[in-house]
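Asker: Got a file for you: final.txt, compact mmCIF, C-alpha atoms.
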# COMPACT_ATOMS: atom_id res chain seq x y z
CA MET A 1 -16.38 -1.71 -24.46
CA LEU A 2 -14.83 -4.72 -22.77
CA PRO A 3 -13.05 -7.29 -24.94
CA GLU A 4 -14.35 -10.85 -24.90
CA PHE A 5 -13.16 -13.07 -22.08
CA GLU A 6 -14.07 -16.25 -20.23
CA LEU A 7 -15.15 -15.80 -16.61
CA LEU A 8 -14.39 -18.56 -14.09
CA MET A 9 -16.15 -18.64 -10.70
CA PRO A 10 -14.20 -20.68 -8.13
CA GLU A 11 -15.90 -21.43 -4.83
CA THR A 12 -12.74 -21.99 -2.79
CA LEU A 13 -9.18 -20.67 -2.73
CA PRO A 14 -7.65 -24.05 -3.73
CA GLU A 15 -10.00 -24.13 -6.72
CA ALA A 16 -8.94 -20.61 -7.71
CA LEU A 17 -5.26 -21.50 -7.43
CA GLU A 18 -5.85 -24.55 -9.59
CA MET A 19 -7.45 -22.35 -12.25
CA LEU A 20 -4.53 -19.91 -12.13
CA ALA A 21 -2.03 -22.73 -12.51
CA GLY A 22 -3.91 -24.29 -15.40
CA GLY A 23 -4.57 -21.14 -17.39
CA ALA A 24 -1.23 -19.30 -17.27
CA PRO A 25 -0.24 -16.99 -18.86
CA ASP A 26 -3.64 -15.91 -20.23
CA VAL A 27 -5.56 -16.09 -16.93
CA THR A 28 -5.92 -13.10 -14.61
CA PRO A 29 -7.50 -12.87 -11.13
CA LEU A 30 -10.38 -10.43 -10.70
CA ALA A 31 -11.40 -9.04 -7.31
CA GLY A 32 -12.89 -5.54 -7.19
CA GLY A 33 -11.96 -4.81 -10.78
CA THR A 34 -11.50 -1.08 -10.21
CA GLY A 35 -8.16 -1.11 -12.02
CA LEU A 36 -8.27 -4.17 -14.24
CA LEU A 37 -11.64 -3.47 -15.87
CA VAL A 38 -10.65 0.12 -16.60
CA ASP A 39 -7.49 -1.13 -18.31
CA MET A 40 -9.50 -3.66 -20.31
CA ARG A 41 -11.95 -1.01 -21.49
CA GLY A 42 -9.02 1.16 -22.52
CA GLY A 43 -7.38 -1.66 -24.47
CA LEU A 44 -4.34 -1.79 -22.18
CA ARG A 45 -4.98 -5.39 -21.16
CA ARG A 46 -6.77 -8.24 -22.92
CA PRO A 47 -6.78 -11.33 -20.68
CA GLY A 48 -8.61 -14.24 -22.21
CA VAL A 49 -9.70 -15.68 -18.84
CA LEU A 50 -10.71 -13.95 -15.62
CA VAL A 51 -10.89 -15.84 -12.33
CA ASN A 52 -13.35 -14.13 -10.00
CA ILE A 53 -11.86 -14.27 -6.50
CA GLY A 54 -13.99 -11.49 -5.03
CA GLY A 55 -16.28 -13.79 -3.07
CA LEU A 56 -13.76 -16.20 -1.58
CA ASP A 57 -14.13 -16.52 2.19
CA GLU A 58 -10.43 -17.40 2.59
CA LEU A 59 -9.50 -13.88 1.46
CA ARG A 60 -11.69 -12.09 4.00
CA GLY A 61 -11.19 -10.90 7.55
CA VAL A 62 -9.08 -8.59 9.68
CA ARG A 63 -7.56 -10.36 12.69
CA ARG A 64 -4.78 -10.46 15.25
CA GLU A 65 -2.58 -13.53 14.88
CA ASP A 66 0.80 -14.49 16.40
CA GLY A 67 1.81 -10.93 17.21
CA HIS A 68 0.67 -9.59 13.84
CA VAL A 69 -2.31 -7.86 12.28
CA VAL A 70 -3.41 -10.00 9.33
CA VAL A 71 -5.71 -8.67 6.61
CA GLY A 72 -7.16 -10.87 3.88
CA GLY A 73 -6.31 -9.83 0.35
CA GLY A 74 -10.02 -9.61 -0.49
CA VAL A 75 -10.83 -7.10 2.27
CA THR A 76 -12.17 -3.92 0.70
CA ILE A 77 -10.75 -0.47 1.32
CA ALA A 78 -14.05 0.54 2.93
CA GLU A 79 -13.76 -2.38 5.35
CA LEU A 80 -10.21 -1.32 6.19
CA ALA A 81 -11.38 2.20 6.99
CA GLU A 82 -14.07 0.88 9.32
CA ALA A 83 -12.30 -2.05 11.02
CA PRO A 84 -11.79 -1.45 14.79
CA LEU A 85 -8.50 -3.39 14.79
CA ILE A 86 -7.11 -1.15 12.02
CA ALA A 87 -8.15 1.98 13.94
CA GLU A 88 -6.47 0.58 17.06
CA GLN A 89 -3.28 -0.89 15.62
CA ALA A 90 -2.76 0.82 12.25
CA SER A 91 -4.28 4.29 12.24
CA VAL A 92 -1.81 5.32 9.53
CA LEU A 93 -3.38 2.74 7.19
CA ARG A 94 -6.86 3.84 8.19
CA GLN A 95 -5.95 7.39 7.18
CA GLY A 96 -4.85 6.14 3.76
CA ALA A 97 -8.04 4.11 3.32
CA GLN A 98 -10.23 7.08 4.19
CA VAL A 99 -8.88 9.19 1.30
CA PHE A 100 -8.82 6.36 -1.23
CA ALA A 101 -10.79 7.39 -4.34
CA ASN A 102 -14.51 7.70 -3.51
CA PRO A 103 -17.05 5.66 -1.51
CA LEU A 104 -18.19 3.63 -4.54
CA VAL A 105 -14.63 2.61 -5.39
CA ARG A 106 -13.74 1.96 -1.73
CA ASN A 107 -16.65 -0.47 -1.52
CA ARG A 108 -15.26 -2.49 -4.47
CA ALA A 109 -11.48 -2.08 -4.42
CA THR A 110 -9.54 -4.59 -2.32
CA LEU A 111 -6.30 -4.28 -0.41
CA GLY A 112 -4.73 -7.13 -2.36
CA GLY A 113 -5.79 -5.60 -5.66
CA ASN A 114 -4.41 -2.17 -4.78
CA LEU A 115 -1.00 -3.64 -4.00
CA ALA A 116 -0.94 -6.14 -6.87
CA TYR A 117 -1.82 -3.38 -9.35
CA ALA A 118 1.55 -1.91 -8.37
CA SER A 119 0.88 1.75 -9.03
CA PRO A 120 3.60 4.11 -7.72
CA ALA A 121 0.73 6.18 -6.29
CA ALA A 122 -1.10 3.31 -4.51
CA ASP A 123 -2.67 4.89 -1.41
CA THR A 124 -2.23 1.84 0.82
CA ALA A 125 1.44 1.25 0.01
CA PRO A 126 3.17 4.04 2.01
CA PRO A 127 1.19 3.30 5.21
CA LEU A 128 1.94 -0.41 4.87
CA LEU A 129 5.62 0.29 4.21
CA VAL A 130 6.00 2.19 7.50
CA LEU A 131 4.17 -0.65 9.24
CA GLU A 132 6.81 -3.00 7.75
CA ALA A 133 4.15 -5.14 6.11
CA GLU A 134 4.68 -8.26 4.08
CA VAL A 135 2.37 -9.99 1.61
CA GLU A 136 1.41 -13.62 1.37
CA LEU A 137 1.65 -15.12 -2.12
CA ALA A 138 -0.13 -18.43 -2.61
CA SER A 139 -0.02 -20.90 -5.47
CA LYS A 140 -0.97 -24.51 -6.05
CA GLU A 141 2.50 -25.47 -4.78
CA GLY A 142 2.36 -23.53 -1.49
CA LYS A 143 2.69 -20.13 0.15
CA ARG A 144 5.46 -17.61 0.79
CA TRP A 145 5.75 -14.27 2.54
CA VAL A 146 7.48 -11.36 0.78
CA PRO A 147 8.28 -7.97 2.35
CA LEU A 148 6.14 -5.31 0.70
CA GLU A 149 9.27 -3.30 -0.03
CA ASP A 150 10.46 -6.19 -2.23
CA PHE A 151 7.04 -7.05 -3.68
CA ILE A 152 6.45 -4.00 -5.89
CA THR A 153 9.39 -4.04 -8.29
CA GLY A 154 8.37 -1.41 -10.86
CA VAL A 155 5.43 0.38 -12.46
CA ARG A 156 2.73 -2.32 -12.71
CA GLN A 157 5.36 -4.94 -11.86
CA THR A 158 5.54 -7.20 -8.82
CA ALA A 159 7.36 -10.26 -7.50
CA CYS A 160 4.14 -12.27 -7.90
CA CYS A 161 4.51 -15.18 -10.31
CA GLN A 162 1.85 -15.85 -12.93
CA ASN A 163 0.34 -18.73 -10.95
CA GLU A 164 0.40 -16.88 -7.59
CA LEU A 165 -2.27 -14.87 -5.83
CA LEU A 166 -1.84 -12.23 -3.15
CA THR A 167 -3.93 -13.74 -0.38
CA ALA A 168 -3.07 -11.71 2.74
CA VAL A 169 -1.09 -8.82 4.18
CA ARG A 170 0.40 -8.78 7.67
CA TRP A 171 2.57 -6.58 9.86
CA PRO A 172 3.89 -6.78 13.44
CA LEU A 173 1.75 -5.20 16.13
CA PRO A 174 3.21 -1.70 16.52
CA SER A 175 4.72 -0.54 19.78
CA PRO A 176 2.20 1.29 21.99
CA HIS A 177 4.65 4.21 21.88
CA ALA A 178 4.62 4.42 18.07
CA VAL A 179 2.70 7.19 16.30
CA GLY A 180 1.89 7.15 12.59
CA ALA A 181 0.47 9.66 10.13
CA PHE A 182 -0.36 9.80 6.42
CA ARG A 183 -0.98 12.65 4.01
CA LYS A 184 -1.84 12.68 0.33
CA LEU A 185 -1.81 15.64 -2.03
CA ALA A 186 -4.00 15.26 -5.11
CA LEU A 187 -5.51 17.58 -7.71
CA ARG A 188 -8.93 17.20 -6.08
CA LYS A 189 -10.04 16.45 -2.53
CA ALA A 190 -11.63 13.16 -3.57
CA ASP A 191 -11.47 10.55 -6.32
CA ALA A 192 -7.99 11.61 -7.43
CA ILE A 193 -4.65 9.90 -7.85
CA ALA A 194 -1.94 11.11 -5.49
CA VAL A 195 0.50 13.72 -6.74
CA VAL A 196 2.60 12.88 -3.68
CA SER A 197 1.81 10.83 -0.61
CA VAL A 198 3.83 10.43 2.59
CA ALA A 199 3.51 8.14 5.58
CA VAL A 200 5.61 8.28 8.73
CA MET A 201 5.86 6.14 11.85
CA VAL A 202 7.86 7.29 14.86
CA GLU A 203 8.59 5.52 18.14
CA ARG A 204 10.25 7.70 20.78
CA ASP A 205 11.96 6.79 24.05
CA GLU A 206 11.38 8.28 27.48
CA ASP A 207 13.65 11.23 26.63
CA GLY A 208 11.69 12.06 23.48
CA ARG A 209 14.37 10.81 21.11
CA CYS A 210 13.51 8.69 18.09
CA ARG A 211 14.05 5.04 18.88
CA GLU A 212 12.73 4.11 15.44
CA THR A 213 11.53 6.20 12.50
CA ARG A 214 10.08 5.03 9.21
CA ILE A 215 9.26 7.31 6.28
CA ALA A 216 7.56 6.11 3.08
CA LEU A 217 6.84 8.07 -0.09
CA GLY A 218 4.36 7.47 -2.90
CA ALA A 219 4.19 8.82 -6.48
CA VAL A 220 7.79 10.09 -6.42
CA ALA A 221 9.57 7.04 -7.89
CA PRO A 222 8.72 4.01 -10.04
CA THR A 223 7.61 2.25 -6.84
CA PRO A 224 6.48 3.41 -3.41
CA ILE A 225 9.72 3.76 -1.43
CA ARG A 226 11.18 3.98 2.05
CA ALA A 227 13.49 6.94 2.76
CA HIS A 228 16.01 4.86 4.69
CA ALA A 229 18.75 7.51 4.85
CA ALA A 230 16.34 10.02 6.38
CA GLU A 231 15.22 7.40 8.88
CA ASP A 232 18.83 6.69 9.85
CA LEU A 233 19.47 10.38 10.41
CA LEU A 234 16.65 10.67 12.95
CA ARG A 235 17.50 7.52 14.91
CA GLY A 236 18.56 8.58 18.40
CA GLN A 237 17.71 12.23 17.66
CA ALA A 238 15.08 14.53 19.10
CA LEU A 239 12.54 15.82 16.59
CA THR A 240 13.87 19.35 16.52
CA PRO A 241 13.05 21.70 13.63
CA THR A 242 16.63 21.39 12.39
CA ALA A 243 16.59 17.58 12.44
CA ILE A 244 13.17 17.50 10.77
CA ALA A 245 14.30 19.86 8.01
CA GLU A 246 17.43 17.83 7.35
CA ALA A 247 15.49 14.56 7.27
CA ALA A 248 12.96 16.06 4.84
CA GLN A 249 15.73 17.17 2.49
CA ILE A 250 17.34 13.74 2.59
CA ALA A 251 13.95 12.19 1.81
CA VAL A 252 13.62 14.50 -1.21
CA ASP A 253 17.09 13.51 -2.39
CA HIS A 254 15.95 9.88 -2.31
CA THR A 255 13.16 10.50 -4.85
CA SER A 256 13.28 10.14 -8.62
CA CYS A 257 10.35 12.33 -9.58
CA ILE A 258 9.09 12.80 -13.14
CA ASP A 259 7.01 15.37 -15.00
CA ASP A 260 3.54 14.14 -15.92
CA VAL A 261 -0.02 15.41 -16.37
CA ARG A 262 -0.51 15.79 -12.61
CA ALA A 263 2.63 17.69 -11.64
CA SER A 264 6.20 18.56 -12.51
CA ALA A 265 9.13 16.78 -10.91
CA ALA A 266 10.19 20.02 -9.21
CA TYR A 267 6.73 20.49 -7.69
CA ARG A 268 6.69 16.91 -6.41
CA LYS A 269 10.01 17.48 -4.68
CA ARG A 270 8.73 20.63 -2.98
CA VAL A 271 5.59 18.85 -1.84
CA THR A 272 7.59 15.89 -0.55
CA ASP A 273 9.71 18.23 1.55
CA ALA A 274 6.63 20.02 2.89
CA LEU A 275 4.68 16.85 3.75
CA VAL A 276 7.58 15.12 5.48
CA ARG A 277 8.22 18.26 7.54
CA ARG A 278 4.55 18.63 8.38
CA LEU A 279 4.01 15.04 9.53
CA LEU A 280 7.19 14.89 11.60
CA SER A 281 6.38 18.28 13.15
CA GLU A 282 2.88 17.10 14.06
CA ILE A 283 4.29 14.01 15.74
CA ALA A 284 6.91 16.14 17.55
CA GLY A 285 4.08 18.34 18.85
CA ASP A 286 2.14 15.31 20.07
Show the structure stored in the file as structure tokens.

Answerer:
Amino acid sequence: MLPEFELLMPETLPEALEMLAGGAPDVTPLAGGTGLLVDMRGGLRRPGVLVNIGGLDELRGVRREDGHVVVGGGVTIAELAEAPLIAEQASVLRQGAQVFANPLVRNRATLGGNLAYASPAADTAPPLLVLEAEVELASKEGKRWVPLEDFITGVRQTACCQNELLTAVRWPLPSPHAVGAFRKLALRKADAIAVVSVAVMVERDEDGRCRETRIALGAVAPTPIRAHAAEDLLRGQALTPTAIAEAAQIAVDHTSCIDDVRASAAYRKRVTDALVRRLLSEIAGD
């Protein structure tokens, strides 16, 4: 059963930001509610005031703007999976959205909520990390952009202040020569939290060597992470089996896996190695 709370219904983003500023620290934004309401039912969180931001027009839309793809924080995961611009410019994110939970949850859960919930296993985080995304944080005082890599600071912890709201996510338009891929291993094919997830983005030059490589890992550390050392290894290299194997091992060394109910740390490391190898090998074949 849900604990008692007061529900506020702002009609505009400025009104919502005013409510957040006035009610801190007991006020919490509510969008899809697929994480927050579960926590409230389980007694993990007891906010006294919820501000419903799910219907705010300012948090909607997927658009191209100033050389970036910009997605409103209130865009649902289902909308991400179906948006033509995401399919065209961020197929790696589309792949993550397509395996997110189940259709009912995808229709409610929002991109902003998935990132702000700050789960190490967030399905949208690794794809957005390889896209070099940043998030817009808005408050009554103004707005600021924060790289996603700096936004999630720990398990259920972010750089978002109490009076701030994640209002948008953006990333530079990828090079037409860049290829991305995402894989998630879970205990079931659907509606399951990732045991390990991996996203990669590779841009190669005319000789087939890696001009730029980005590798992101989920559920293998307190936050979703970039495997920067593995990326550095591949820069200027051809995607040979030897280079791929070495990069995968370096990526594994970058993890800090734990044992939990879904998998052992040792299993997560083996899966990380296998998924990084598989994705890089697929891109090399393409």

Asker: Quick one: distance from atom CA of Ala263 of chain A to atom CA of Pro120 of chain A in Å, one decimal?

Answerer: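 Separating atom CA of Ala263 of chain A from atom CA of Pro120 of chain A is a distance of 14.2 Å.
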
Asker: Would you please work out which residue, of A:Glu212, A:Glu82, A:Asp191, A:Glu149, is nearest to Leu234 of chain A when using all atoms listed in the file?

Answerer: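 Counting all atoms listed in the file, the residue closest to Leu234 of chain A is A:Glu212.
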
Asker: How close does each residue of segment 187-206 of chain A get to segment 122-130 of chain A, giving the shortest atom pair and distance in Å to one decimal for every residue with an atom at most 10 Å away, counting only C-alpha atoms, sorted by chain and residue number, as JSON lines?

Answerer:
{"residue": "A:Ile193", "atom": "CA", "partner": "A:Ala122", "partner_atom": "CA", "distance": 8.2}
{"residue": "A:Ala194", "atom": "CA", "partner": "A:Asp123", "partner_atom": "CA", "distance": 7.5}
{"residue": "A:Val196", "atom": "CA", "partner": "A:Asp123", "partner_atom": "CA", "distance": 9.8}
{"residue": "A:Ser197", "atom": "CA", "partner": "A:Pro126", "partner_atom": "CA", "distance": 7.4}
{"residue": "A:Val198", "atom": "CA", "partner": "A:Pro126", "partner_atom": "CA", "distance": 6.5}
{"residue": "A:Ala199", "atom": "CA", "partner": "A:Pro127", "partner_atom": "CA", "distance": 5.4}
{"residue": "A:Val200", "atom": "CA", "partner": "A:Val130", "partner_atom": "CA", "distance": 6.2}
{"residue": "A:Met201", "atom": "CA", "partner": "A:Val130", "partner_atom": "CA", "distance": 5.9}
{"residue": "A:Val202", "atom": "CA", "partner": "A:Val130", "partner_atom": "CA", "distance": 9.1}

Asker: Find the residues near Glu231 of chain A: any atom within 8 Å, counting all atoms listed in the file, skip ones fewer than 5 places away on the same chain, and give them as JSON, numbers by chain.

Answerer: {"A": [212, 213, 214, 215, 247]}

Asker: What is the distance between atom CA of Leu111 of chain A and atom CA of Leu275 of chain A, in Å to one decimal?

Answerer: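 Distance between the two atoms: 24.2 Å.
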
Asker: Using Å and a single decimal, report how far atom CA of Asn114 of chain A sits from atom CA of Leu165 of chain A.

Answerer: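 So the answer is 12.9 Å.
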
Asker: For Val75 of chain A, please output as a count of residues only all residues within 9 Å (counting only C-alpha atoms; exclusion window: fewer than 2 positions along the same chain).

Answerer: 15

Asker: Taking (10.9, 11.7, 2.7) in the file's coordinates, which residues come within 7 Å, counting only C-alpha atoms, written as a VMD selection string?

Answerer: chain A and resid 215 to 217 227 230 248 250 to 252 272 to 273 276

Asker: When you get a chance, write out N, CA, C and O atoms for segment 227-251 of chain A, as an mmCIF file, in the coordinates of the input.

Answerer:
data_model
loop_
_atom_site.group_PDB
_atom_site.id
_atom_site.type_symbol
_atom_site.label_atom_id
_atom_site.label_comp_id
_atom_site.auth_asym_id
_atom_site.auth_seq_id
_atom_site.Cartn_x
_atom_site.Cartn_y
_atom_site.Cartn_z
ATOM 1 N N ALA A 227 12.369 5.988 2.725
ATOM 2 C CA ALA A 227 13.490 6.940 2.760
ATOM 3 C C ALA A 227 14.434 6.511 3.883
ATOM 4 O O ALA A 227 14.481 7.122 4.963
ATOM 5 N N HIS A 228 15.202 5.462 3.641
ATOM 6 C CA HIS A 228 16.010 4.860 4.690
ATOM 7 C C HIS A 228 17.073 5.812 5.239
ATOM 8 O O HIS A 228 17.344 5.822 6.448
ATOM 9 N N ALA A 229 17.698 6.603 4.378
ATOM 10 C CA ALA A 229 18.750 7.510 4.850
ATOM 11 C C ALA A 229 18.168 8.564 5.792
ATOM 12 O O ALA A 229 18.803 8.929 6.797
ATOM 13 N N ALA A 230 16.988 9.051 5.495
ATOM 14 C CA ALA A 230 16.340 10.020 6.380
ATOM 15 C C ALA A 230 15.972 9.373 7.712
ATOM 16 O O ALA A 230 16.095 9.989 8.779
ATOM 17 N N GLU A 231 15.537 8.133 7.657
ATOM 18 C CA GLU A 231 15.220 7.400 8.880
ATOM 19 C C GLU A 231 16.461 7.239 9.758
ATOM 20 O O GLU A 231 16.411 7.422 10.973
ATOM 21 N N ASP A 232 17.572 6.887 9.110
ATOM 22 C CA ASP A 232 18.830 6.690 9.850
ATOM 23 C C ASP A 232 19.274 7.983 10.524
ATOM 24 O O ASP A 232 19.799 7.964 11.644
ATOM 25 N N LEU A 233 19.070 9.098 9.840
ATOM 26 C CA LEU A 233 19.470 10.380 10.410
ATOM 27 C C LEU A 233 18.741 10.655 11.726
ATOM 28 O O LEU A 233 19.337 11.168 12.684
ATOM 29 N N LEU A 234 17.459 10.317 11.780
ATOM 30 C CA LEU A 234 16.650 10.670 12.950
ATOM 31 C C LEU A 234 16.809 9.684 14.101
ATOM 32 O O LEU A 234 16.412 9.999 15.232
ATOM 33 N N ARG A 235 17.380 8.518 13.845
ATOM 34 C CA ARG A 235 17.500 7.520 14.910
ATOM 35 C C ARG A 235 18.382 8.063 16.034
ATOM 36 O O ARG A 235 19.511 8.481 15.825
ATOM 37 N N GLY A 236 17.837 8.071 17.232
ATOM 38 C CA GLY A 236 18.560 8.580 18.400
ATOM 39 C C GLY A 236 18.495 10.091 18.556
ATOM 40 O O GLY A 236 19.069 10.641 19.497
ATOM 41 N N GLN A 237 17.786 10.767 17.638
ATOM 42 C CA GLN A 237 17.710 12.230 17.660
ATOM 43 C C GLN A 237 16.355 12.687 18.208
ATOM 44 O O GLN A 237 15.347 11.984 18.108
ATOM 45 N N ALA A 238 16.342 13.880 18.779
ATOM 46 C CA ALA A 238 15.080 14.530 19.100
ATOM 47 C C ALA A 238 14.512 15.153 17.825
ATOM 48 O O ALA A 238 15.257 15.524 16.910
ATOM 49 N N LEU A 239 13.185 15.249 17.771
ATOM 50 C CA LEU A 239 12.540 15.820 16.590
ATOM 51 C C LEU A 239 12.552 17.343 16.673
ATOM 52 O O LEU A 239 11.519 17.995 16.820
ATOM 53 N N THR A 240 13.729 17.902 16.538
ATOM 54 C CA THR A 240 13.870 19.350 16.520
ATOM 55 C C THR A 240 13.577 19.873 15.109
ATOM 56 O O THR A 240 13.647 19.119 14.140
ATOM 57 N N PRO A 241 13.265 21.156 14.983
ATOM 58 C CA PRO A 241 13.050 21.700 13.630
ATOM 59 C C PRO A 241 14.229 21.481 12.701
ATOM 60 O O PRO A 241 14.051 21.212 11.511
ATOM 61 N N THR A 242 15.448 21.584 13.231
ATOM 62 C CA THR A 242 16.630 21.390 12.390
ATOM 63 C C THR A 242 16.731 19.951 11.912
ATOM 64 O O THR A 242 16.985 19.693 10.720
ATOM 65 N N ALA A 243 16.512 18.990 12.816
ATOM 66 C CA ALA A 243 16.590 17.580 12.440
ATOM 67 C C ALA A 243 15.480 17.223 11.452
ATOM 68 O O ALA A 243 15.698 16.477 10.495
ATOM 69 N N ILE A 244 14.297 17.763 11.672
ATOM 70 C CA ILE A 244 13.170 17.500 10.770
ATOM 71 C C ILE A 244 13.469 18.044 9.376
ATOM 72 O O ILE A 244 13.234 17.368 8.365
ATOM 73 N N ALA A 245 13.988 19.253 9.308
ATOM 74 C CA ALA A 245 14.300 19.860 8.010
ATOM 75 C C ALA A 245 15.365 19.063 7.270
ATOM 76 O O ALA A 245 15.272 18.848 6.049
ATOM 77 N N GLU A 246 16.368 18.605 7.989
ATOM 78 C CA GLU A 246 17.430 17.830 7.350
ATOM 79 C C GLU A 246 16.897 16.484 6.863
ATOM 80 O O GLU A 246 17.228 16.040 5.763
ATOM 81 N N ALA A 247 16.064 15.838 7.676
ATOM 82 C CA ALA A 247 15.490 14.560 7.270
ATOM 83 C C ALA A 247 14.598 14.728 6.041
ATOM 84 O O ALA A 247 14.602 13.887 5.131
ATOM 85 N N ALA A 248 13.830 15.810 5.993
ATOM 86 C CA ALA A 248 12.960 16.060 4.840
ATOM 87 C C ALA A 248 13.779 16.241 3.574
ATOM 88 O O ALA A 248 13.428 15.723 2.512
ATOM 89 N N GLN A 249 14.894 16.961 3.667
ATOM 90 C CA GLN A 249 15.730 17.170 2.490
ATOM 91 C C GLN A 249 16.361 15.868 2.021
ATOM 92 O O GLN A 249 16.452 15.593 0.816
ATOM 93 N N ILE A 250 16.779 15.033 2.961
ATOM 94 C CA ILE A 250 17.340 13.740 2.590
ATOM 95 C C ILE A 250 16.277 12.878 1.922
ATOM 96 O O ILE A 250 16.553 12.162 0.943
ATOM 97 N N ALA A 251 15.044 12.929 2.430
ATOM 98 C CA ALA A 251 13.950 12.190 1.810
ATOM 99 C C ALA A 251 13.735 12.651 0.368
ATOM 100 O O ALA A 251 13.537 11.838 -0.547
#
